[in-house]
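Text of the file input-v6.cif, holding mmCIF, C-alpha atoms:
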data_work
loop_
_atom_site.label_atom_id
_atom_site.label_comp_id
_atom_site.auth_asym_id
_atom_site.auth_seq_id
_atom_site.Cartn_x
_atom_site.Cartn_y
_atom_site.Cartn_z
CA MET A 248 0.00 0.00 0.00
CA ASP A 249 2.91 2.27 0.64
CA LYS A 250 4.52 1.51 -2.72
CA HIS A 251 2.64 4.31 -4.45
CA LYS A 252 4.33 6.91 -2.21
CA ASP A 253 7.50 6.46 -4.25
CA MET A 254 5.63 7.15 -7.48
CA PRO A 255 5.66 10.54 -9.19
CA PRO A 256 2.77 12.78 -8.07
CA GLU A 257 0.85 12.45 -11.37
CA ARG A 258 0.81 8.67 -11.03
CA ARG A 259 0.19 8.74 -7.29
CA ALA A 260 -3.28 10.24 -7.47
CA GLU A 261 -5.12 7.00 -8.27
CA PRO A 262 -3.62 4.92 -5.46
CA ASP A 263 -4.14 7.78 -3.07
CA ALA A 264 -7.78 7.96 -4.05
CA ILE A 265 -8.24 4.23 -3.49
CA GLU A 266 -6.52 4.53 -0.16
CA ARG A 267 -8.86 7.29 0.87
CA LEU A 268 -11.79 5.20 -0.24
CA LEU A 269 -10.59 2.32 1.85
CA ARG A 270 -10.12 4.66 4.77
CA GLU A 271 -13.74 5.60 4.38
CA THR A 272 -14.82 1.98 4.53
CA GLU A 273 -12.61 1.53 7.56
CA ALA A 274 -14.28 4.56 9.09
CA VAL A 275 -17.66 3.00 8.59
CA ARG A 276 -16.45 -0.26 10.07
CA SER A 277 -15.15 1.65 13.04
CA GLU A 278 -18.52 3.34 13.37
CA ILE A 279 -20.21 -0.07 13.29
CA ARG A 280 -17.88 -1.43 15.94
CA GLU A 281 -18.61 1.51 18.18
CA ALA A 282 -22.33 1.03 17.74
CA ALA A 283 -22.05 -2.69 18.41
CA ALA A 284 -19.95 -2.08 21.50
CA SER A 285 -22.72 0.03 22.98
CA VAL A 286 -25.25 -2.79 22.76
CA ASP A 287 -26.01 -5.02 25.74
CA TRP A 288 -26.10 -8.28 23.81
CA ASP A 289 -27.20 -10.48 26.70
CA ALA A 290 -30.13 -8.22 27.41
CA LEU A 291 -30.96 -8.00 23.71
CA SER A 292 -31.05 -11.77 23.25
CA GLY A 293 -33.27 -12.11 26.32
CA LEU A 294 -35.56 -9.36 25.09
CA ILE A 295 -35.82 -10.98 21.65
CA ALA A 296 -36.58 -14.37 23.20
CA ASP A 297 -39.29 -12.86 25.40
CA ARG A 298 -40.86 -11.11 22.44
CA ALA A 299 -40.66 -14.28 20.33
CA MET A 300 -42.38 -16.36 23.01
CA ALA A 301 -45.07 -13.72 23.48
CA ALA A 302 -45.63 -13.51 19.72
CA ASP A 303 -45.84 -17.30 19.57
CA ARG A 304 -48.49 -17.34 22.31
CA GLU A 305 -50.37 -14.60 20.48
CA ARG A 306 -50.28 -16.58 17.23
CA ARG A 307 -51.58 -19.66 18.97
CA ARG A 308 -54.36 -17.66 20.57
CA ALA A 309 -55.16 -16.07 17.20
CA GLY A 310 -55.18 -19.52 15.61
CA ALA A 311 -57.45 -20.87 18.32
CA ALA A 312 -59.76 -17.86 18.13
CA PRO A 313 -61.37 -18.79 14.79
CA ARG A 314 -61.93 -22.33 16.04
CA ARG A 315 -63.46 -20.99 19.26
CA ALA A 316 -65.48 -18.53 17.22
CA ALA A 317 -66.72 -21.35 15.03
CA TRP A 318 -67.74 -23.37 18.09
CA LEU A 319 -69.37 -20.36 19.69
CA ALA A 320 -71.17 -19.56 16.47
CA ALA A 321 -72.34 -23.15 16.29
CA LEU A 322 -73.50 -23.01 19.91
CA ARG A 323 -75.21 -19.70 19.30
CA MET A 324 -76.87 -21.15 16.23
CA ARG A 325 -78.14 -24.21 18.07
CA PRO A 326 -81.25 -22.53 19.53
CA VAL A 327 -81.95 -20.99 16.15
CA LEU A 328 -81.63 -24.33 14.41
CA ALA A 329 -83.70 -26.03 17.08
CA GLY A 330 -86.35 -23.33 16.73
CA LEU A 331 -86.32 -23.71 12.99
CA ALA A 332 -86.73 -27.48 13.23
CA ALA A 333 -89.51 -27.12 15.80
CA GLY A 334 -91.22 -24.57 13.56
CA LEU A 335 -91.09 -26.91 10.60
CA VAL A 336 -92.53 -29.80 12.62
CA LEU A 337 -95.23 -27.60 14.15
CA GLY A 338 -96.11 -26.09 10.78
CA ALA A 339 -96.37 -29.49 9.17
CA ALA A 340 -98.60 -30.72 12.02
CA VAL A 341 -100.87 -27.67 11.78
CA MET A 342 -101.17 -28.03 8.02
CA TYR A 343 -101.99 -31.71 8.42
CA PHE A 344 -104.78 -31.12 10.93
CA VAL A 345 -106.14 -28.03 9.17
CA LEU A 346 -106.34 -29.76 5.82
CA ARG A 347 -107.67 -32.87 7.40
CA ALA A 348 -110.39 -31.11 9.45
CA PRO A 349 -113.85 -30.85 7.78
CA GLY A 350 -114.46 -27.44 6.30
CA GLY A 351 -110.96 -26.29 7.22
CA GLY A 352 -108.61 -24.52 4.88
CA ALA A 353 -108.94 -22.85 1.56
CA GLY A 354 -108.07 -26.00 -0.33
CA ARG A 355 -110.85 -27.76 1.46
CA ASP A 356 -113.37 -25.10 0.33
CA GLU A 357 -112.35 -25.56 -3.26
CA GLY A 358 -112.81 -29.34 -2.98
CA TYR A 359 -116.22 -28.87 -1.35
CA HIS A 360 -117.32 -26.51 -4.11
CA ALA A 361 -116.47 -28.98 -6.81
CA SER A 362 -118.18 -31.72 -4.89
CA GLY A 363 -121.26 -29.52 -4.48
CA GLU A 364 -121.54 -29.01 -8.20
CA PHE A 365 -121.11 -32.68 -8.74
CA LEU A 366 -123.72 -33.43 -6.10
CA ASP A 367 -126.11 -30.93 -7.67
CA ARG A 368 -125.70 -32.58 -10.99
CA ALA A 369 -126.07 -35.97 -9.37
CA GLU A 370 -129.20 -34.90 -7.52
CA LEU A 371 -130.66 -33.46 -10.71
CA GLU A 372 -129.90 -36.68 -12.48
CA MET A 373 -131.43 -38.64 -9.62
CA ALA A 374 -134.53 -36.44 -9.73
CA ARG A 375 -134.86 -37.07 -13.44
CA ARG A 376 -134.50 -40.77 -13.03
CA ASN A 377 -136.92 -40.81 -10.12
CA ALA A 378 -139.39 -38.82 -12.19
CA VAL A 379 -138.94 -41.12 -15.19
CA ASP A 380 -139.26 -44.13 -12.91
CA TYR A 381 -142.38 -42.71 -11.34
CA LEU A 382 -143.89 -41.92 -14.72
CA GLU A 383 -143.06 -45.38 -16.08
CA LYS A 384 -144.64 -47.09 -13.10
CA SER A 385 -147.61 -44.76 -13.28
CA GLN A 386 -147.88 -45.39 -17.03
CA TYR A 387 -147.69 -49.15 -16.44
CA MET A 388 -150.37 -49.00 -13.80
CA LEU A 389 -152.66 -46.83 -15.88
CA ARG A 390 -152.31 -49.11 -18.87
CA GLU A 391 -152.87 -52.16 -16.76
CA VAL A 392 -156.04 -50.71 -15.35
CA PHE A 393 -157.44 -49.25 -18.45
CA GLU A 394 -156.03 -50.83 -21.58
CA SER A 395 -158.23 -53.89 -21.32
CA PRO A 396 -161.53 -52.41 -20.34
CA ASP A 397 -163.40 -55.25 -21.89
CA GLU A 398 -161.54 -57.86 -19.83
CA GLY A 399 -161.59 -55.95 -16.59
CA PRO A 400 -158.61 -54.86 -14.53
CA ALA A 401 -155.70 -57.15 -14.83
CA ALA A 402 -154.68 -56.84 -11.23
CA PRO A 403 -156.75 -57.51 -8.10
CA ALA A 404 -158.25 -54.41 -6.51
CA ALA A 405 -156.22 -54.83 -3.34
CA LEU A 406 -152.97 -55.05 -5.23
CA ARG A 407 -153.95 -52.09 -7.40
CA SER A 408 -154.76 -50.07 -4.30
CA GLU A 409 -151.41 -51.03 -2.75
CA ARG A 410 -149.50 -49.97 -5.87
CA ALA A 411 -151.44 -46.73 -5.91
CA ARG A 412 -150.47 -45.98 -2.31
CA SER A 413 -146.87 -46.83 -3.02
CA LEU A 414 -146.85 -44.48 -5.98
CA LEU A 415 -148.46 -41.78 -3.85
CA GLN A 416 -145.62 -42.11 -1.32
CA LYS A 417 -143.07 -41.83 -4.08
CA LYS A 418 -144.88 -38.80 -5.34
CA ARG A 419 -144.46 -37.08 -1.97
CA TYR A 420 -140.75 -37.79 -2.08
CA LEU A 421 -140.61 -36.75 -5.71
CA ASN A 422 -142.43 -33.47 -5.18
CA SER A 423 -139.44 -31.75 -3.48
CA GLN A 424 -137.14 -32.83 -6.25
CA LEU A 425 -139.47 -31.66 -8.98
CA GLU A 426 -139.88 -28.31 -7.30
CA ARG A 427 -136.19 -27.91 -6.53
CA PHE A 428 -135.09 -28.54 -10.11
CA GLN A 429 -138.04 -26.71 -11.54
CA MET A 430 -139.25 -29.62 -13.63
CA ALA A 431 -142.63 -28.00 -14.17
CA LYS A 432 -143.94 -30.27 -16.96
CA ALA A 433 -143.03 -33.39 -15.03
CA LYS A 434 -144.63 -32.00 -11.88
CA ALA A 435 -147.81 -31.07 -13.73
CA ILE A 436 -148.34 -34.52 -15.20
CA CYS A 437 -147.34 -36.17 -11.93
CA ASP A 438 -149.92 -34.05 -10.09
CA GLN A 439 -152.66 -35.12 -12.51
CA ILE A 440 -151.69 -38.76 -12.10
CA GLU A 441 -151.61 -38.35 -8.35
CA MET A 442 -155.31 -37.45 -8.33
CA LEU A 443 -156.15 -40.69 -10.06
CA PHE A 444 -153.97 -42.72 -7.74
CA ARG A 445 -155.65 -41.12 -4.70
CA GLU A 446 -158.95 -42.47 -5.97
CA LEU A 447 -157.52 -45.84 -6.77
CA ALA A 448 -155.80 -46.05 -3.36
CA GLN A 449 -159.10 -45.55 -1.65
CA ILE A 450 -160.86 -48.26 -3.59
CA ASP A 451 -160.04 -51.73 -2.33
CA ASP A 452 -162.89 -53.41 -4.13
CA ASP A 453 -163.26 -54.00 -7.83
CA LEU A 454 -164.26 -50.90 -9.66
CA PRO A 455 -167.59 -50.88 -11.35
CA ALA A 456 -167.57 -50.52 -15.11
CA ALA A 457 -169.02 -47.02 -14.99
CA GLU A 458 -166.35 -45.90 -12.64
CA LEU A 459 -163.65 -47.40 -14.82
CA GLY A 460 -165.22 -45.68 -17.81
CA ARG A 461 -165.11 -42.34 -16.07
CA ILE A 462 -161.42 -42.74 -15.16
CA ARG A 463 -160.57 -43.89 -18.71
CA ASP A 464 -162.25 -40.85 -20.10
CA TYR A 465 -160.29 -38.71 -17.76
CA ILE A 466 -157.03 -40.27 -18.95
CA GLU A 467 -157.94 -40.04 -22.59
CA GLU A 468 -159.36 -36.56 -22.26
CA ARG A 469 -156.15 -35.22 -20.81
CA GLN A 470 -153.98 -37.47 -22.98
CA LEU A 471 -152.16 -38.55 -19.87
CA LEU A 472 -150.40 -41.53 -21.45
CA LEU A 473 -149.16 -39.38 -24.33
CA LYS A 474 -148.04 -36.63 -22.02
CA ILE A 475 -146.28 -39.16 -19.82
CA ASN A 476 -144.37 -40.43 -22.88
CA LEU A 477 -143.38 -36.92 -23.95
CA VAL A 478 -142.25 -35.89 -20.47
CA LYS A 479 -140.34 -39.14 -20.08
CA LYS A 480 -138.49 -38.51 -23.33
CA GLU A 481 -137.69 -34.98 -22.27
CA LEU A 482 -136.38 -36.17 -18.93
CA GLN A 483 -134.38 -38.96 -20.50
CA SER A 484 -132.84 -36.62 -23.07
CA GLY A 485 -131.89 -34.22 -20.27
CA VAL A 486 -133.61 -31.18 -21.82
CA MET B 282 -18.51 -18.92 26.47
CA SER B 283 -17.70 -16.02 24.13
CA GLU B 284 -19.82 -15.40 21.06
CA ILE B 285 -16.95 -16.10 18.68
CA SER B 286 -16.00 -19.39 20.30
CA ALA B 287 -19.63 -20.36 20.56
CA GLU B 288 -20.08 -19.68 16.88
CA ARG B 289 -17.04 -21.73 16.03
CA GLU B 290 -18.14 -24.67 18.11
CA ALA B 291 -21.68 -24.66 16.86
CA GLY B 292 -21.44 -26.55 13.67
CA ALA B 293 -24.19 -27.02 11.15
CA ALA B 294 -25.44 -30.12 12.98
CA GLU B 295 -25.65 -28.23 16.24
CA ILE B 296 -27.58 -25.45 14.54
CA ASP B 297 -30.00 -28.01 13.12
CA ARG B 298 -30.54 -29.47 16.58
CA LEU B 299 -31.04 -26.03 18.10
CA LEU B 300 -33.56 -25.15 15.43
CA GLU B 301 -35.44 -28.36 16.05
CA ARG B 302 -35.70 -27.38 19.71
CA VAL B 303 -36.78 -23.87 18.72
CA LYS B 304 -39.59 -25.37 16.65
CA GLU B 305 -40.69 -27.25 19.77
CA GLY B 306 -40.83 -23.97 21.70
CA ASP B 307 -37.50 -24.27 23.55
CA ARG B 308 -36.66 -20.75 24.72
CA GLU B 309 -33.08 -21.54 25.71
CA ALA B 310 -32.28 -22.96 22.28
CA PHE B 311 -33.61 -19.80 20.72
CA VAL B 312 -31.55 -17.63 23.08
CA THR B 313 -28.47 -19.65 22.15
CA ILE B 314 -28.99 -19.13 18.43
CA THR B 315 -29.71 -15.45 18.99
CA LYS B 316 -26.51 -15.00 20.98
CA LEU B 317 -24.52 -16.78 18.26
CA TYR B 318 -25.73 -14.60 15.39
CA GLN B 319 -27.13 -11.34 16.75
CA ARG B 320 -23.86 -9.41 16.43
CA LYS B 321 -23.31 -10.52 12.85
CA VAL B 322 -26.86 -9.59 11.97
CA PHE B 323 -26.43 -6.23 13.67
CA VAL B 324 -23.31 -5.43 11.66
CA LEU B 325 -25.01 -6.22 8.38
CA VAL B 326 -28.15 -4.30 9.27
CA TYR B 327 -26.20 -1.32 10.55
CA SER B 328 -24.12 -1.36 7.36
CA ILE B 329 -27.28 -0.96 5.34
CA LEU B 330 -29.18 1.44 7.57
CA ARG B 331 -26.34 3.32 9.26
CA ASP B 332 -28.49 4.01 12.28
CA ARG B 333 -28.07 2.26 15.62
CA GLU B 334 -31.70 2.31 16.77
CA ASP B 335 -33.03 1.31 13.39
CA ALA B 336 -30.46 -1.48 13.30
CA LEU B 337 -31.52 -2.76 16.72
CA ASP B 338 -35.18 -2.76 15.64
CA VAL B 339 -34.35 -4.73 12.52
CA VAL B 340 -32.18 -7.19 14.48
CA GLN B 341 -35.09 -7.91 16.77
CA GLU B 342 -37.47 -8.24 13.83
CA THR B 343 -35.05 -10.61 12.09
CA PHE B 344 -34.85 -12.99 15.05
CA LEU B 345 -38.57 -12.79 15.66
CA ARG B 346 -39.11 -13.82 12.07
CA LEU B 347 -36.55 -16.60 12.50
CA HIS B 348 -38.52 -17.90 15.47
CA GLN B 349 -41.73 -17.74 13.48
CA LYS B 350 -40.31 -19.37 10.35
CA ALA B 351 -37.92 -21.86 11.94
CA GLY B 352 -40.04 -24.63 10.44
CA LEU B 353 -39.15 -23.44 6.94
CA TYR B 354 -35.44 -23.96 7.43
CA ARG B 355 -34.09 -26.96 5.54
CA PRO B 356 -31.60 -28.86 7.68
CA GLY B 357 -28.15 -28.97 6.10
CA SER B 358 -28.55 -25.74 4.14
CA PRO B 359 -26.37 -22.74 5.11
CA PHE B 360 -28.15 -21.29 8.11
CA GLN B 361 -26.10 -18.10 8.30
CA GLY B 362 -26.82 -17.27 4.66
CA TRP B 363 -30.54 -17.87 5.26
CA LEU B 364 -30.54 -15.69 8.37
CA LEU B 365 -28.53 -12.87 6.74
CA GLN B 366 -30.76 -12.96 3.71
CA MET B 367 -33.72 -12.49 6.02
CA ALA B 368 -31.94 -9.63 7.78
CA LYS B 369 -31.01 -8.01 4.46
CA ASN B 370 -34.59 -8.19 3.18
CA ILE B 371 -36.01 -6.72 6.37
CA SER B 372 -33.37 -3.99 6.28
CA ILE B 373 -34.24 -3.10 2.70
CA ASP B 374 -37.94 -2.99 3.58
CA HIS B 375 -37.16 -0.83 6.57
CA TYR B 376 -34.91 1.41 4.51
CA ARG B 377 -37.57 1.90 1.84
CA LYS B 378 -40.21 2.70 4.43
CA HIS B 379 -38.03 5.31 6.09
CA ARG B 380 -36.21 6.58 3.00
CA LYS B 381 -38.34 9.70 2.69
CA LYS B 382 -37.70 10.61 6.30
CA ARG B 383 -33.98 9.97 5.90
CA LEU B 384 -33.82 12.14 2.80
CA GLU B 385 -35.42 14.98 4.71
CA TRP B 386 -32.77 14.64 7.40
CA GLU B 387 -29.92 14.50 4.96
CA THR B 388 -28.39 17.65 3.63
CA ALA B 389 -29.68 18.91 0.35
CA LYS B 390 -26.20 19.93 -0.63
CA PRO B 391 -25.49 18.52 -4.12
CA LEU B 392 -22.40 16.40 -4.65
CA GLU B 393 -20.91 18.93 -7.06
CA GLU B 394 -20.94 21.60 -4.38
CA ILE B 395 -18.87 19.51 -2.05
CA PRO B 396 -15.29 20.77 -2.22
CA LEU B 397 -12.95 18.78 -4.38
CA ALA B 398 -10.08 16.73 -3.14
CA ALA B 399 -8.86 17.67 0.19
CA GLY B 400 -5.92 19.78 -0.76
CA PRO B 401 -2.96 20.46 1.44
CA SER B 402 -4.27 23.92 2.13
CA ARG B 403 -7.52 22.64 3.60
CA GLU B 404 -7.90 21.64 7.15
CA GLY B 405 -8.42 17.92 7.54
CA ASP B 406 -11.65 17.79 9.53
CA SER B 407 -13.79 19.66 7.05
CA ALA B 408 -12.35 17.83 4.06
CA ALA B 409 -12.78 14.48 5.73
CA ALA B 410 -16.38 15.29 6.62
CA ASP B 411 -17.12 16.30 3.06
CA LEU B 412 -15.49 13.14 1.68
CA ARG B 413 -17.38 11.02 4.15
CA GLN B 414 -20.66 12.61 3.16
CA ALA B 415 -19.87 12.24 -0.54
CA PHE B 416 -18.79 8.64 0.00
CA ALA B 417 -21.94 7.77 1.93
CA ARG B 418 -24.15 9.32 -0.71
CA SER B 419 -22.25 7.57 -3.52
CA VAL B 420 -22.73 4.21 -1.83
CA GLU B 421 -26.40 5.03 -1.44
CA ALA B 422 -26.58 5.82 -5.14
CA LEU B 423 -25.26 2.42 -6.21
CA ALA B 424 -27.57 -0.09 -7.80
CA GLU B 425 -29.13 -2.18 -5.04
CA ARG B 426 -27.27 -5.43 -5.65
CA GLN B 427 -23.90 -3.63 -6.08
CA LYS B 428 -24.56 -1.71 -2.90
CA MET B 429 -25.45 -4.83 -0.96
CA VAL B 430 -22.34 -6.68 -2.10
CA PHE B 431 -20.12 -3.67 -1.33
CA VAL B 432 -21.67 -3.19 2.12
CA MET B 433 -21.42 -6.89 2.98
CA ARG B 434 -17.85 -7.10 1.77
CA HIS B 435 -16.43 -3.92 3.29
CA TYR B 436 -18.70 -3.04 6.20
CA SER B 437 -19.80 -6.43 7.41
CA GLU B 438 -16.51 -8.01 6.30
CA LEU B 439 -18.21 -11.08 4.89
CA GLN B 440 -16.37 -13.41 2.58
CA PHE B 441 -17.63 -13.74 -0.99
CA ASN B 442 -19.00 -17.21 -0.28
CA GLU B 443 -20.99 -15.78 2.63
CA ILE B 444 -22.21 -12.95 0.42
CA SER B 445 -23.29 -15.42 -2.25
CA GLU B 446 -25.27 -17.41 0.35
CA ALA B 447 -26.92 -14.33 1.82
CA MET B 448 -27.86 -12.96 -1.59
CA LYS B 449 -28.58 -16.31 -3.23
CA ILE B 450 -26.14 -15.59 -6.05
CA SER B 451 -23.01 -17.32 -7.21
CA ILE B 452 -19.63 -16.32 -5.88
CA GLY B 453 -18.64 -15.16 -9.39
CA THR B 454 -21.69 -12.93 -9.55
CA ALA B 455 -20.86 -11.54 -6.11
CA LYS B 456 -17.33 -10.69 -7.23
CA SER B 457 -18.59 -9.15 -10.45
CA LEU B 458 -21.10 -6.99 -8.60
CA HIS B 459 -18.36 -5.91 -6.18
CA PHE B 460 -16.08 -4.88 -9.03
CA LYS B 461 -18.83 -2.83 -10.65
CA ALA B 462 -19.63 -1.21 -7.32
CA VAL B 463 -16.01 -0.11 -6.81
CA GLN B 464 -15.79 1.22 -10.37
CA ASN B 465 -18.96 3.22 -9.95
CA LEU B 466 -17.84 4.63 -6.60
CA ARG B 467 -14.55 5.67 -8.04
CA LYS B 468 -16.28 7.31 -10.97
CA ARG B 469 -18.71 9.20 -8.80
CA LEU B 470 -16.12 10.23 -6.27
CA ALA B 471 -13.45 11.19 -8.80
CA PRO B 472 -14.12 14.92 -8.37
CA VAL B 473 -13.88 14.59 -4.61
CA LEU B 474 -10.82 12.38 -4.74
CA GLY B 475 -9.04 14.56 -7.28
CA ILE B 476 -8.64 11.87 -9.90
CA GLU B 477 -9.72 11.49 -13.51
CA PRO B 478 -13.20 9.97 -13.81
#

Using structure tokens, write down the structure from this file.
Amino acid sequence: MDKHKDMPPERRAEPDAIERLLRETEAVRSEIREAAASVDWDALSGLIADRAMAADRERRRAGAAPRRAAWLAALRMRPVLAGLAAGLVLGAAVMYFVLRAPGGGAGRDEGYHASGEFLDRAELEMARRNAVDYLEKSQYMLREVFESPDEGPAAPAALRSERARSLLQKKRYLNSQLERFQMAKAKAICDQIEMLFRELAQIDDDLPAAELGRIRDYIEERQLLLKINLVKKELQSGV
Amino acid sequence: MSEISAEREAGAAEIDRLLERVKEGDREAFVTITKLYQRKVFVLVYSILRDREDALDVVQETFLRLHQKAGLYRPGSPFQGWLLQMAKNISIDHYRKHRKKRLEWETAKPLEEIPLAAGPSREGDSAAADLRQAFARSVEALAERQKMVFVMRHYSELQFNEISEAMKISIGTAKSLHFKAVQNLRKRLAPVLGIEP
């Protein structure tokens, strides 16, 4: 390092500059050594260890916190979940009993309505059939009584009277149906027939020929058998 | 046991064992490792930051991070290089965070206004102070990797193999960066040193 001191001044500048640079680095190293000498290394290592242990405990607590939070959240949610489950069960039970109870619930009303219409139609149909049945039986009885006037009544008087009373009972039952469904034509012919059956029901003995003649005239005059056929056809066609 | 002798006696295997104990939460093992390397870490950090209190903060932060990341150390790999790399990175982060504040503290006097080479007519103290300031600012102005190699080599007095481990570069690259750093310093300080750039 001292070799350059023997050099001429113009050639000595570069080595001198490098030497000054190195002195600067040595100055910094000296500065570092002074700073390091002022440090209590035993205390520093202890302080670092204490901080490291504390940070480690903090990390473990922080790591455990989310798990605890998850458990606490789950515990907090348990009443909510239980309530939700109970609500579902209770709701299902209420719906079951409401829908099952007669007249309960909107759905039930809709079902009843449809059934009512069906029942109305069924009752109308039943009324028609009952009316047709009544007219057929009445027609059969009238023919039996009066279609063989020369040979006398085909059936004994007692039996005729019994059939007449039976038909009168049916007529009472049929009256409400005829009125309800406004079957005016059927009711009118049934009322006319009823008058004849009242007379027949009251006569247990064989009718005299004059009496039979009078009833026949009544039937023919009012064209009861024809009207019965027409009304029957109307009822059977559903008009 | 002195720090130097302790460092010499603690071979790589001993370091591995100590680190295993540190991972298990052994405080004494951690204190032992800290005592072995804290001075070396301080020198490197001080070389970069040139401030005692900042250096002490970064030393603590470095060993705290070592304690936290001890599980990442691969047994058999150069521990000192790994530790110094950690210290260097924390120092650079710290330096960047506080650079603005440091610049405010530093003189705004441009390099060109600093008197040229300390001539025989000048009194030594003032010239030396100017050169020191110019030198410090020239080192600061170096590219980061050149600066780190120069600081590690001349301030921390690390060998090139230690520098290569701490910077994760080859020894040849470390030497090359050192050469470029010296050339750039000489060039920048030529007016101050009184030599041709």

(request) Tell me, as a list in words, which residues lie within 10 Å of Ala264 (chain A), counting all atoms listed in the file; anything in the same chain fewer than 4 positions away does not count. (result) Arg259, Ala260, Leu268, Leu269 and Arg270 of chain A; Ala398, Arg467, Leu470, Ala471, Val473, Leu474, Gly475 and Ile476 of chain B

Per-residue nearest contacts chain B to chain A, cut-off 7 Å, using only C-alpha atoms, as a Markdown table:
| residue | atom | partner | partner_atom | distance |
| --- | --- | --- | --- | --- |
| B:Arg308 | CA | A:Ala296 | CA | 6.6 |
| B:Phe311 | CA | A:Ala296 | CA | 6.7 |
| B:Val312 | CA | A:Ser292 | CA | 5.9 |
| B:Thr315 | CA | A:Ser292 | CA | 5.8 |
| B:Lys316 | CA | A:Ser292 | CA | 6.0 |
| B:Val324 | CA | A:Ile279 | CA | 6.4 |
| B:Tyr327 | CA | A:Ile279 | CA | 6.7 |
| B:Arg333 | CA | A:Ala282 | CA | 6.2 |
| B:Gln341 | CA | A:Ile295 | CA | 5.8 |
| B:Phe344 | CA | A:Ile295 | CA | 7.0 |
| B:Leu345 | CA | A:Ala299 | CA | 5.3 |
| B:His348 | CA | A:Ala299 | CA | 6.4 |
| B:Arg413 | CA | A:Glu271 | CA | 6.5 |
| B:His435 | CA | A:Thr272 | CA | 6.2 |
| B:Tyr436 | CA | A:Arg276 | CA | 5.3 |
| B:Leu474 | CA | A:Ala264 | CA | 5.4 |
| B:Ile476 | CA | A:Ala260 | CA | 6.1 |

Output of the above residues as a compact mmCIF listing (two decimals), in the frame of the given file, restricted to C-alpha atoms:
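Final output, saved to selection.txt:
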# COMPACT_ATOMS: atom_id res chain seq x y z
CA ARG B 308 -36.66 -20.75 24.72
CA PHE B 311 -33.61 -19.80 20.72
CA VAL B 312 -31.55 -17.63 23.08
CA THR B 315 -29.71 -15.45 18.99
CA LYS B 316 -26.51 -15.00 20.98
CA VAL B 324 -23.31 -5.43 11.66
CA TYR B 327 -26.20 -1.32 10.55
CA ARG B 333 -28.07 2.26 15.62
CA GLN B 341 -35.09 -7.91 16.77
CA PHE B 344 -34.85 -12.99 15.05
CA LEU B 345 -38.57 -12.79 15.66
CA HIS B 348 -38.52 -17.90 15.47
CA ARG B 413 -17.38 11.02 4.15
CA HIS B 435 -16.43 -3.92 3.29
CA TYR B 436 -18.70 -3.04 6.20
CA LEU B 474 -10.82 12.38 -4.74
CA ILE B 476 -8.64 11.87 -9.90

(message) One decimal, in Å: what's the spacing between CA of Met429 (chain B) and CA of Val303 (chain B)?
(response) 29.6 Å

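Note that the spacing between CA of Leu466 (chain B) and CA of Val340 (chain B) amounts to 28.1 Å.
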
(request) Tell me, as a PyMOL selection string, which residues lie within 10 Å of Asn476 (chain A), counting all atoms listed in the file; anything in the same chain fewer than 6 positions away does not count. (result) chain A and resi 379+382-383+386+482

(message) Would you compute the distance between CA of Gly310 (chain A) and CA of Glu342 (chain B)? Give it in Å to one decimal.
(response) 21.1 Å
